[in-house]
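**Q** Below: one structure in structure tokens.
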Amino acid sequence: MFSLKEQIEIKNNVIQFTEKLLIENLAELDQQEKFNLEGWQKCGEWGIMGLPIPQEYGGRELDPLTTIYALEGLGYGCKDNGLLFSIAAHTWACEIPLLTFGTLEQKFKYLPKLVKGELIGAHAVTESEAGSDVYSLQTTAQKKGDKYILNGSKMFVTNGAIANLILVFANIQPERGKRGITCFLVEKDFPGFLVRKKMSKMGLRTAQMAEIVLENCEVPAANLLGKEGAGMAVFSHSMEWERGFILASAIGSMERLLEQCVQYTKKRKQFQQPIGKFQLISSKLVDMKMRLETARSLLHKFGWLKQQEKSAFMEAAMAKLYISESWVQSCLDAIQIHGGYGYLTELGLERELRDALGSRLYSGTSEIQYQIIAQFMGL
Ligand SMILES: Cc1cc2nc3c(=O)[nH]c(=O)nc-3n(C[C@H](O)[C@H](O)[C@H](O)COP(=O)(O)OP(=O)(O)OC[C@H]3O[C@@H](n4cnc5c(N)ncnc54)[C@H](O)[C@@H]3O)c2cc1C
């Protein structure tokens with residue numbers, strides 16, 4: 001485990017690393033919905049995709065809390081939230097379930113390449129009629145000899161258009177309902193795997209989202225992840241980790257936004273005084289600060305619990321809900337504080353807001369996080 005001093009050092013090292021990403025043409029990448037492959041590769045070389053992964057698979061083997069510090073640094077230094085979202089989906093929804101439920105053979109086959117960024121991972125569970133009610137999914141899997149044959153389609157798959165390895169959830173025994181759900185490691189070159197269409201979206205536009213189709217898709221039996229019927233366990237474990245960690249970089253982004261706003265309000269004068277002297281403006285900055293610190297505390301509590309190898313399902317939902325809502329509100333405040341300039345594309349604040357809005361939807365909507373927290377409260 002790392003000391004607080006070392007954790008802050010790691011965060012600063014990541015901030016320094018992000019300077020090498022040199023994302024000067026972000027507005028263009030965003031407009032054209034282009035994936036930043038060069039940035040992805042640099043992150044792979046540095047070890048960003050292997051932060052929590054054991055060294056035997058090429059990872060940096062950071063503990064959960066230290067991983068959070070590193071991700072905060074990543075969000076602080078890198079404004080390409082789409083790239084960071086691609087990395088998060090790859091890490092939390094593909095690498096972590098593989099690490100937890102994979103056989104040694106599966107782990108040694110895929111993890112070292114995923115960690116280096118040579119393979120891109122994705123997670124495909126959502127369907128057109130199975131969103132929040134995810135266990136009502138209709139994709140089926142049938143065992144035939146030493147293969148499973150998958151049929152169905154998946155929506156909103158982050159990295160779907162560019163992924164080499166996709167975790168696909170399908171039902172092997174629909175008559176058993178959700179107990180038939182099973183997870184498979186599907187390679188993009190398996191016969192019957194198709195990317196139907198790239199999905200264009202409001203924010204996180206540099207992350208590549210797609211609808212995928214499985215048409216008699218042949219998956220070798222060796223690519224079953226976990227046991228037959230264990231899909232719910234794989235999914236819920238992966239959601240706990242994903243919800244907890246996916247917005248760690250948003251804390252860094254909120255920290256950067258706040259610093260930018262404080263500087264601006266000290267410099268920008270109206271009515272012969274800095275606008276930060278107006279209480280209606282300074283109170284927005286205080287709200288941004290309060291949100292940042294509260295969001296960070298919730299996230300660090302989650303990280304601390306995972307450090308103790310404790311279950312933190314409710315804490316993950318609380319962190320996800322609070323950080324996503326705070327990120328959106330702080331983006332709105334940042335735009336308001338910058339006045340008309342905040343509304344211009346040039347400043348990048350409108351892009352940050354568009355990116356932040358997605359966080360209320362993925363990994364379970366805010367409403368679903370409320371529902372999870374209420375259930376843990378016995379309601
Ligand atoms: C940017 C982004 C990335 C994504 N990445 C992936 C991915 O990589 N892989 C993947 O499989 N999926 C992914 N998704 C899909 C995401 O998980 C779903 O969009 C989400 O779970 C909601 O499902 P839905 O869109 O079908 O909305 P619906 O479930 O139809 O919900 C519509 C509205 O009803 C509300 N609602 C639904 N049920 C309840 C309830 N019980 N109580 C209260 N309100 C309720 C919702 O909160 C929402 O406001 C992604 C989505 C986005 C936006």
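By order in the structure tokens, chains are A, B, ...; within a chain, residues start at 1; ligands start at 1, following the order shown.
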List all protein, DNA and RNA residues that have an atom no more than 8 Å from any atom of ligand 1, counting only C-alpha atoms and all ligand atoms, and report them as an mmCIF file with all heavy atoms, in the first residue's frame.

**A**
```cif
data_model
loop_
_atom_site.group_PDB
_atom_site.id
_atom_site.type_symbol
_atom_site.label_atom_id
_atom_site.label_comp_id
_atom_site.auth_asym_id
_atom_site.auth_seq_id
_atom_site.Cartn_x
_atom_site.Cartn_y
_atom_site.Cartn_z
ATOM 1 N N ALA A 89 -14.103 2.231 -19.721
ATOM 2 C CA ALA A 89 -14.921 1.079 -20.115
ATOM 3 C C ALA A 89 -14.022 -0.149 -20.302
ATOM 4 O O ALA A 89 -14.352 -1.257 -19.856
ATOM 5 C CB ALA A 89 -15.679 1.393 -21.409
ATOM 6 N N ALA A 93 -14.889 -2.510 -17.167
ATOM 7 C CA ALA A 93 -15.944 -3.412 -17.631
ATOM 8 C C ALA A 93 -15.416 -4.565 -18.463
ATOM 9 O O ALA A 93 -16.176 -5.439 -18.851
ATOM 10 C CB ALA A 93 -16.972 -2.611 -18.435
ATOM 11 N N ALA A 122 -14.331 -4.101 -24.523
ATOM 12 C CA ALA A 122 -15.676 -3.521 -24.413
ATOM 13 C C ALA A 122 -16.559 -4.469 -23.612
ATOM 14 O O ALA A 122 -16.174 -5.603 -23.308
ATOM 15 C CB ALA A 122 -16.261 -3.284 -25.808
ATOM 16 N N HIS A 123 -17.758 -3.970 -23.308
ATOM 17 C CA HIS A 123 -18.698 -4.696 -22.452
ATOM 18 C C HIS A 123 -20.081 -4.507 -23.074
ATOM 19 O O HIS A 123 -20.538 -3.365 -23.206
ATOM 20 C CB HIS A 123 -18.624 -4.043 -21.062
ATOM 21 C CG HIS A 123 -19.530 -4.567 -20.018
ATOM 22 N ND1 HIS A 123 -19.087 -5.331 -18.971
ATOM 23 C CD2 HIS A 123 -20.847 -4.420 -19.827
ATOM 24 C CE1 HIS A 123 -20.080 -5.637 -18.180
ATOM 25 N NE2 HIS A 123 -21.164 -5.088 -18.677
ATOM 26 N N ALA A 124 -20.704 -5.597 -23.476
ATOM 27 C CA ALA A 124 -21.976 -5.462 -24.187
ATOM 28 C C ALA A 124 -23.078 -6.201 -23.444
ATOM 29 O O ALA A 124 -23.156 -7.427 -23.485
ATOM 30 C CB ALA A 124 -21.831 -6.019 -25.610
ATOM 31 N N VAL A 125 -23.903 -5.409 -22.756
ATOM 32 C CA VAL A 125 -25.027 -6.019 -22.044
ATOM 33 C C VAL A 125 -26.355 -5.391 -22.486
ATOM 34 O O VAL A 125 -27.334 -6.087 -22.728
ATOM 35 C CB VAL A 125 -24.812 -5.934 -20.501
ATOM 36 C CG1 VAL A 125 -24.857 -4.530 -19.995
ATOM 37 C CG2 VAL A 125 -25.810 -6.804 -19.757
ATOM 38 N N THR A 126 -26.369 -4.057 -22.653
ATOM 39 C CA THR A 126 -27.610 -3.339 -22.968
ATOM 40 C C THR A 126 -28.182 -3.762 -24.324
ATOM 41 O O THR A 126 -27.428 -3.993 -25.278
ATOM 42 C CB THR A 126 -27.342 -1.811 -22.995
ATOM 43 O OG1 THR A 126 -26.703 -1.441 -21.784
ATOM 44 C CG2 THR A 126 -28.617 -1.019 -23.166
ATOM 45 N N GLU A 127 -29.506 -3.845 -24.388
ATOM 46 C CA GLU A 127 -30.186 -4.142 -25.666
ATOM 47 C C GLU A 127 -31.273 -3.094 -25.881
ATOM 48 O O GLU A 127 -31.602 -2.352 -24.946
ATOM 49 C CB GLU A 127 -30.800 -5.548 -25.608
ATOM 50 C CG GLU A 127 -29.733 -6.616 -25.429
ATOM 51 C CD GLU A 127 -30.295 -8.030 -25.332
ATOM 52 O OE1 GLU A 127 -31.536 -8.196 -25.372
ATOM 53 O OE2 GLU A 127 -29.482 -8.953 -25.201
ATOM 54 N N SER A 128 -31.868 -3.105 -27.083
ATOM 55 C CA SER A 128 -32.863 -2.059 -27.360
ATOM 56 C C SER A 128 -34.022 -2.124 -26.351
ATOM 57 O O SER A 128 -34.553 -1.095 -25.954
ATOM 58 C CB SER A 128 -33.373 -2.175 -28.791
ATOM 59 O OG SER A 128 -33.920 -3.449 -28.993
ATOM 60 N N GLU A 129 -34.409 -3.319 -25.916
ATOM 61 C CA GLU A 129 -35.527 -3.431 -24.981
ATOM 62 C C GLU A 129 -35.075 -3.755 -23.560
ATOM 63 O O GLU A 129 -35.903 -4.048 -22.686
ATOM 64 C CB GLU A 129 -36.512 -4.525 -25.462
ATOM 65 C CG GLU A 129 -37.100 -4.291 -26.842
ATOM 66 C CD GLU A 129 -37.801 -2.940 -26.963
ATOM 67 O OE1 GLU A 129 -38.541 -2.547 -26.046
ATOM 68 O OE2 GLU A 129 -37.578 -2.255 -27.993
ATOM 69 N N ALA A 130 -33.778 -3.824 -23.348
ATOM 70 C CA ALA A 130 -33.249 -4.128 -22.005
ATOM 71 C C ALA A 130 -32.190 -3.100 -21.640
ATOM 72 O O ALA A 130 -31.009 -3.274 -21.941
ATOM 73 C CB ALA A 130 -32.666 -5.541 -21.973
ATOM 74 N N GLY A 131 -32.652 -1.982 -21.031
ATOM 75 C CA GLY A 131 -31.732 -0.919 -20.625
ATOM 76 C C GLY A 131 -31.518 -1.016 -19.117
ATOM 77 O O GLY A 131 -30.742 -1.843 -18.637
ATOM 78 N N SER A 132 -32.274 -0.205 -18.364
ATOM 79 C CA SER A 132 -32.168 -0.281 -16.899
ATOM 80 C C SER A 132 -32.561 -1.681 -16.417
ATOM 81 O O SER A 132 -31.968 -2.217 -15.484
ATOM 82 C CB SER A 132 -33.087 0.762 -16.255
ATOM 83 O OG SER A 132 -32.724 2.051 -16.697
ATOM 84 N N ASP A 133 -33.553 -2.253 -17.052
ATOM 85 C CA ASP A 133 -34.003 -3.618 -16.711
ATOM 86 C C ASP A 133 -33.115 -4.611 -17.470
ATOM 87 O O ASP A 133 -33.563 -5.372 -18.329
ATOM 88 C CB ASP A 133 -35.475 -3.759 -17.131
ATOM 89 C CG ASP A 133 -36.049 -5.106 -16.742
ATOM 90 O OD1 ASP A 133 -35.403 -5.832 -15.950
ATOM 91 O OD2 ASP A 133 -37.140 -5.443 -17.247
ATOM 92 N N VAL A 134 -31.837 -4.586 -17.114
ATOM 93 C CA VAL A 134 -30.827 -5.226 -17.950
ATOM 94 C C VAL A 134 -30.953 -6.755 -18.007
ATOM 95 O O VAL A 134 -30.656 -7.377 -19.025
ATOM 96 C CB VAL A 134 -29.428 -4.748 -17.475
ATOM 97 C CG1 VAL A 134 -29.041 -5.350 -16.143
ATOM 98 C CG2 VAL A 134 -28.387 -4.976 -18.516
ATOM 99 N N LYS A 154 -26.833 -5.834 -29.457
ATOM 100 C CA LYS A 154 -26.488 -5.036 -28.276
ATOM 101 C C LYS A 154 -26.377 -3.568 -28.658
ATOM 102 O O LYS A 154 -25.840 -3.223 -29.711
ATOM 103 C CB LYS A 154 -25.135 -5.511 -27.705
ATOM 104 C CG LYS A 154 -25.147 -6.967 -27.232
ATOM 105 C CD LYS A 154 -25.908 -7.116 -25.939
ATOM 106 C CE LYS A 154 -26.012 -8.534 -25.472
ATOM 107 N NZ LYS A 154 -26.830 -8.666 -24.254
ATOM 108 N N MET A 155 -26.880 -2.726 -27.762
ATOM 109 C CA MET A 155 -26.897 -1.270 -28.006
ATOM 110 C C MET A 155 -25.846 -0.562 -27.171
ATOM 111 O O MET A 155 -25.464 -1.069 -26.110
ATOM 112 C CB MET A 155 -28.245 -0.691 -27.561
ATOM 113 C CG MET A 155 -29.425 -1.140 -28.350
ATOM 114 S SD MET A 155 -29.435 -0.429 -29.977
ATOM 115 C CE MET A 155 -29.904 1.268 -29.628
ATOM 116 N N PHE A 156 -25.494 0.640 -27.592
ATOM 117 C CA PHE A 156 -24.683 1.571 -26.778
ATOM 118 C C PHE A 156 -23.346 0.990 -26.335
ATOM 119 O O PHE A 156 -22.893 1.266 -25.222
ATOM 120 C CB PHE A 156 -25.432 1.978 -25.498
ATOM 121 C CG PHE A 156 -26.740 2.686 -25.677
ATOM 122 C CD1 PHE A 156 -27.912 2.161 -25.143
ATOM 123 C CD2 PHE A 156 -26.806 3.891 -26.355
ATOM 124 C CE1 PHE A 156 -29.124 2.822 -25.281
ATOM 125 C CE2 PHE A 156 -28.012 4.558 -26.489
ATOM 126 C CZ PHE A 156 -29.169 4.023 -25.955
ATOM 127 N N VAL A 157 -22.725 0.143 -27.151
ATOM 128 C CA VAL A 157 -21.484 -0.494 -26.685
ATOM 129 C C VAL A 157 -20.296 0.469 -26.846
ATOM 130 O O VAL A 157 -19.869 0.759 -27.961
ATOM 131 C CB VAL A 157 -21.216 -1.822 -27.438
ATOM 132 C CG1 VAL A 157 -19.961 -2.491 -26.878
ATOM 133 C CG2 VAL A 157 -22.416 -2.743 -27.330
ATOM 134 N N THR A 158 -19.798 0.954 -25.713
ATOM 135 C CA THR A 158 -18.633 1.847 -25.743
ATOM 136 C C THR A 158 -17.428 1.068 -26.249
ATOM 137 O O THR A 158 -17.196 -0.065 -25.806
ATOM 138 C CB THR A 158 -18.365 2.409 -24.323
ATOM 139 O OG1 THR A 158 -19.535 3.097 -23.908
ATOM 140 C CG2 THR A 158 -17.169 3.349 -24.297
ATOM 141 N N ASN A 159 -16.690 1.626 -27.145
ATOM 142 C CA ASN A 159 -15.564 0.987 -27.850
ATOM 143 C C ASN A 159 -16.045 -0.066 -28.851
ATOM 144 O O ASN A 159 -15.215 -0.733 -29.488
ATOM 145 C CB ASN A 159 -14.550 0.312 -26.889
ATOM 146 C CG ASN A 159 -13.851 1.316 -25.994
ATOM 147 O OD1 ASN A 159 -13.815 2.487 -26.299
ATOM 148 N ND2 ASN A 159 -13.305 0.839 -24.886
ATOM 149 N N GLY A 160 -17.367 -0.220 -28.965
ATOM 150 C CA GLY A 160 -17.929 -1.298 -29.797
ATOM 151 C C GLY A 160 -17.387 -1.326 -31.216
ATOM 152 O O GLY A 160 -17.133 -2.393 -31.766
ATOM 153 N N LYS A 201 -23.156 10.566 -30.831
ATOM 154 C CA LYS A 201 -23.762 11.024 -29.585
ATOM 155 C C LYS A 201 -23.417 12.476 -29.246
ATOM 156 O O LYS A 201 -22.540 13.062 -29.852
ATOM 157 C CB LYS A 201 -23.421 10.075 -28.446
ATOM 158 C CG LYS A 201 -21.943 9.799 -28.257
ATOM 159 C CD LYS A 201 -21.756 8.629 -27.318
ATOM 160 C CE LYS A 201 -20.358 8.115 -27.232
ATOM 161 N NZ LYS A 201 -19.339 8.660 -28.088
ATOM 162 N N GLY A 203 -22.142 13.903 -26.360
ATOM 163 C CA GLY A 203 -20.848 14.184 -25.723
ATOM 164 C C GLY A 203 -19.972 12.949 -25.762
ATOM 165 O O GLY A 203 -20.344 11.946 -26.376
ATOM 166 N N LEU A 204 -18.818 13.034 -25.132
ATOM 167 C CA LEU A 204 -17.863 11.909 -25.143
ATOM 168 C C LEU A 204 -17.688 11.421 -26.576
ATOM 169 O O LEU A 204 -17.635 10.214 -26.840
ATOM 170 C CB LEU A 204 -18.366 10.756 -24.243
ATOM 171 C CG LEU A 204 -18.604 11.094 -22.773
ATOM 172 C CD1 LEU A 204 -19.327 9.966 -22.065
ATOM 173 C CD2 LEU A 204 -17.296 11.414 -22.053
ATOM 174 N N MET A 209 -18.858 4.559 -29.963
ATOM 175 C CA MET A 209 -19.966 3.725 -29.481
ATOM 176 C C MET A 209 -20.639 3.047 -30.680
ATOM 177 O O MET A 209 -20.763 3.658 -31.740
ATOM 178 C CB MET A 209 -20.963 4.604 -28.752
ATOM 179 C CG MET A 209 -22.149 3.853 -28.205
ATOM 180 S SD MET A 209 -23.366 5.011 -27.599
ATOM 181 C CE MET A 209 -22.894 5.105 -25.905
ATOM 182 N N GLY A 358 -23.433 12.622 -19.983
ATOM 183 C CA GLY A 358 -23.480 11.174 -20.209
ATOM 184 C C GLY A 358 -23.336 10.385 -18.918
ATOM 185 O O GLY A 358 -23.868 9.277 -18.793
ATOM 186 N N SER A 359 -22.651 10.999 -17.934
ATOM 187 C CA SER A 359 -22.387 10.253 -16.698
ATOM 188 C C SER A 359 -23.649 9.995 -15.891
ATOM 189 O O SER A 359 -23.665 9.154 -14.998
ATOM 190 C CB SER A 359 -21.345 10.990 -15.857
ATOM 191 O OG SER A 359 -21.880 12.191 -15.345
ATOM 192 N N ARG A 360 -24.721 10.743 -16.188
ATOM 193 C CA ARG A 360 -25.993 10.475 -15.504
ATOM 194 C C ARG A 360 -26.690 9.240 -16.077
ATOM 195 O O ARG A 360 -27.697 8.800 -15.553
ATOM 196 C CB ARG A 360 -26.941 11.651 -15.711
ATOM 197 C CG ARG A 360 -26.595 12.872 -14.951
ATOM 198 C CD ARG A 360 -27.481 13.971 -15.479
ATOM 199 N NE ARG A 360 -27.721 14.991 -14.486
ATOM 200 C CZ ARG A 360 -28.514 16.035 -14.704
ATOM 201 N NH1 ARG A 360 -29.106 16.174 -15.877
ATOM 202 N NH2 ARG A 360 -28.705 16.917 -13.772
ATOM 203 N N LEU A 361 -26.151 8.738 -17.205
ATOM 204 C CA LEU A 361 -26.845 7.645 -17.914
ATOM 205 C C LEU A 361 -26.091 6.319 -17.878
ATOM 206 O O LEU A 361 -26.684 5.268 -17.622
ATOM 207 C CB LEU A 361 -27.081 8.058 -19.376
ATOM 208 C CG LEU A 361 -27.899 9.338 -19.553
ATOM 209 C CD1 LEU A 361 -27.830 9.843 -20.981
ATOM 210 C CD2 LEU A 361 -29.349 9.106 -19.150
ATOM 211 N N TYR A 362 -24.778 6.358 -18.183
ATOM 212 C CA TYR A 362 -24.068 5.073 -18.272
ATOM 213 C C TYR A 362 -23.831 4.466 -16.889
ATOM 214 O O TYR A 362 -23.930 5.163 -15.885
ATOM 215 C CB TYR A 362 -22.759 5.211 -19.051
ATOM 216 C CG TYR A 362 -21.786 6.274 -18.595
ATOM 217 C CD1 TYR A 362 -21.054 6.135 -17.421
ATOM 218 C CD2 TYR A 362 -21.572 7.411 -19.372
ATOM 219 C CE1 TYR A 362 -20.136 7.082 -17.023
ATOM 220 C CE2 TYR A 362 -20.643 8.377 -18.969
ATOM 221 C CZ TYR A 362 -19.942 8.203 -17.799
ATOM 222 O OH TYR A 362 -19.042 9.152 -17.405
ATOM 223 N N SER A 363 -23.542 3.162 -16.896
ATOM 224 C CA SER A 363 -23.324 2.385 -15.656
ATOM 225 C C SER A 363 -24.532 2.460 -14.724
ATOM 226 O O SER A 363 -24.394 2.414 -13.502
ATOM 227 C CB SER A 363 -22.100 2.866 -14.885
ATOM 228 O OG SER A 363 -20.995 2.977 -15.722
ATOM 229 N N GLY A 364 -25.712 2.594 -15.306
ATOM 230 C CA GLY A 364 -26.945 2.751 -14.521
ATOM 231 C C GLY A 364 -27.244 4.231 -14.377
ATOM 232 O O GLY A 364 -26.385 5.006 -13.954
ATOM 233 N N THR A 365 -28.481 4.614 -14.729
ATOM 234 C CA THR A 365 -28.861 6.034 -14.691
ATOM 235 C C THR A 365 -28.894 6.530 -13.233
ATOM 236 O O THR A 365 -28.894 5.732 -12.288
ATOM 237 C CB THR A 365 -30.263 6.239 -15.298
ATOM 238 O OG1 THR A 365 -31.194 5.495 -14.489
ATOM 239 C CG2 THR A 365 -30.349 5.750 -16.738
ATOM 240 N N SER A 366 -28.986 7.846 -13.082
ATOM 241 C CA SER A 366 -29.066 8.412 -11.723
ATOM 242 C C SER A 366 -30.282 7.841 -10.986
ATOM 243 O O SER A 366 -30.208 7.536 -9.790
ATOM 244 C CB SER A 366 -29.174 9.942 -11.795
ATOM 245 O OG SER A 366 -27.933 10.479 -12.206
ATOM 246 N N GLU A 367 -31.397 7.673 -11.715
ATOM 247 C CA GLU A 367 -32.599 7.139 -11.069
ATOM 248 C C GLU A 367 -32.338 5.733 -10.523
ATOM 249 O O GLU A 367 -32.804 5.369 -9.440
ATOM 250 C CB GLU A 367 -33.779 7.098 -12.066
ATOM 251 C CG GLU A 367 -34.350 8.455 -12.449
ATOM 252 C CD GLU A 367 -33.493 9.204 -13.486
ATOM 253 O OE1 GLU A 367 -32.517 8.627 -14.010
ATOM 254 O OE2 GLU A 367 -33.804 10.379 -13.753
ATOM 255 N N ILE A 368 -31.585 4.945 -11.292
ATOM 256 C CA ILE A 368 -31.271 3.569 -10.852
ATOM 257 C C ILE A 368 -30.340 3.598 -9.640
ATOM 258 O O ILE A 368 -30.475 2.786 -8.721
ATOM 259 C CB ILE A 368 -30.702 2.738 -12.028
ATOM 260 C CG1 ILE A 368 -31.782 2.510 -13.097
ATOM 261 C CG2 ILE A 368 -30.119 1.402 -11.560
ATOM 262 C CD1 ILE A 368 -33.063 1.787 -12.635
ATOM 263 N N GLN A 371 -32.411 4.152 -6.733
ATOM 264 C CA GLN A 371 -33.132 2.920 -6.388
ATOM 265 C C GLN A 371 -32.219 1.959 -5.602
ATOM 266 O O GLN A 371 -32.641 1.373 -4.609
ATOM 267 C CB GLN A 371 -33.590 2.257 -7.687
ATOM 268 C CG GLN A 371 -34.756 1.336 -7.519
ATOM 269 C CD GLN A 371 -35.102 0.688 -8.846
ATOM 270 O OE1 GLN A 371 -34.232 0.131 -9.516
ATOM 271 N NE2 GLN A 371 -36.344 0.750 -9.228
#
```

**Q** Would you list the contacts of Leu285 in chain A as an MDAnalysis selection string, taking every protein, DNA or RNA residue within 9 Å and counting only C-alpha atoms, but skipping same-chain residues closer than 4 positions in sequence?

**A** chainID A and resid 258 261:262 276 281 289:290 330 333:334 337

**Q** Tell me which protein, DNA and RNA residues are within 12 Å of Lys5 in chain A, counting only C-alpha atoms, leaving out same-chain ones fewer than 5 positions away, and put them as a PyMOL selection string.

**A** chain A and resi 10-12+66+69

**Q** For Pro97 in chain A, which residue among A:Lys306, A:His237, A:Arg243, A:Arg256 is the nearest when counting only C-alpha atoms?

**A**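 Closest candidate: A:His237.
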
**Q** So that I can see what lies close to Leu150 in chain A, please list as a PyMOL selection string the residues with an atom at most 12 Å from it, counting only C-alpha atoms and leaving out residues fewer than 3 positions away in the same chain.

**A** chain A and resi 138-144+147+153-154+168-172+182-186+190-194+213-221+224

**Q** Return the single residue from A:Lys20, A:His90, A:Lys42, A:Lys284 that is closest to Glu242 in chain A, with distances computed using only C-alpha atoms.

**A** A:His90

**Q** I need the residues in range 29-135 of chain A that are helix (DSSP H, G or I) according to DSSP; give them as a PyMOL selection string.

**A** chain A and resi 29-32+37-46+48-50+55-57+64-77+81-101+104-116+134-135
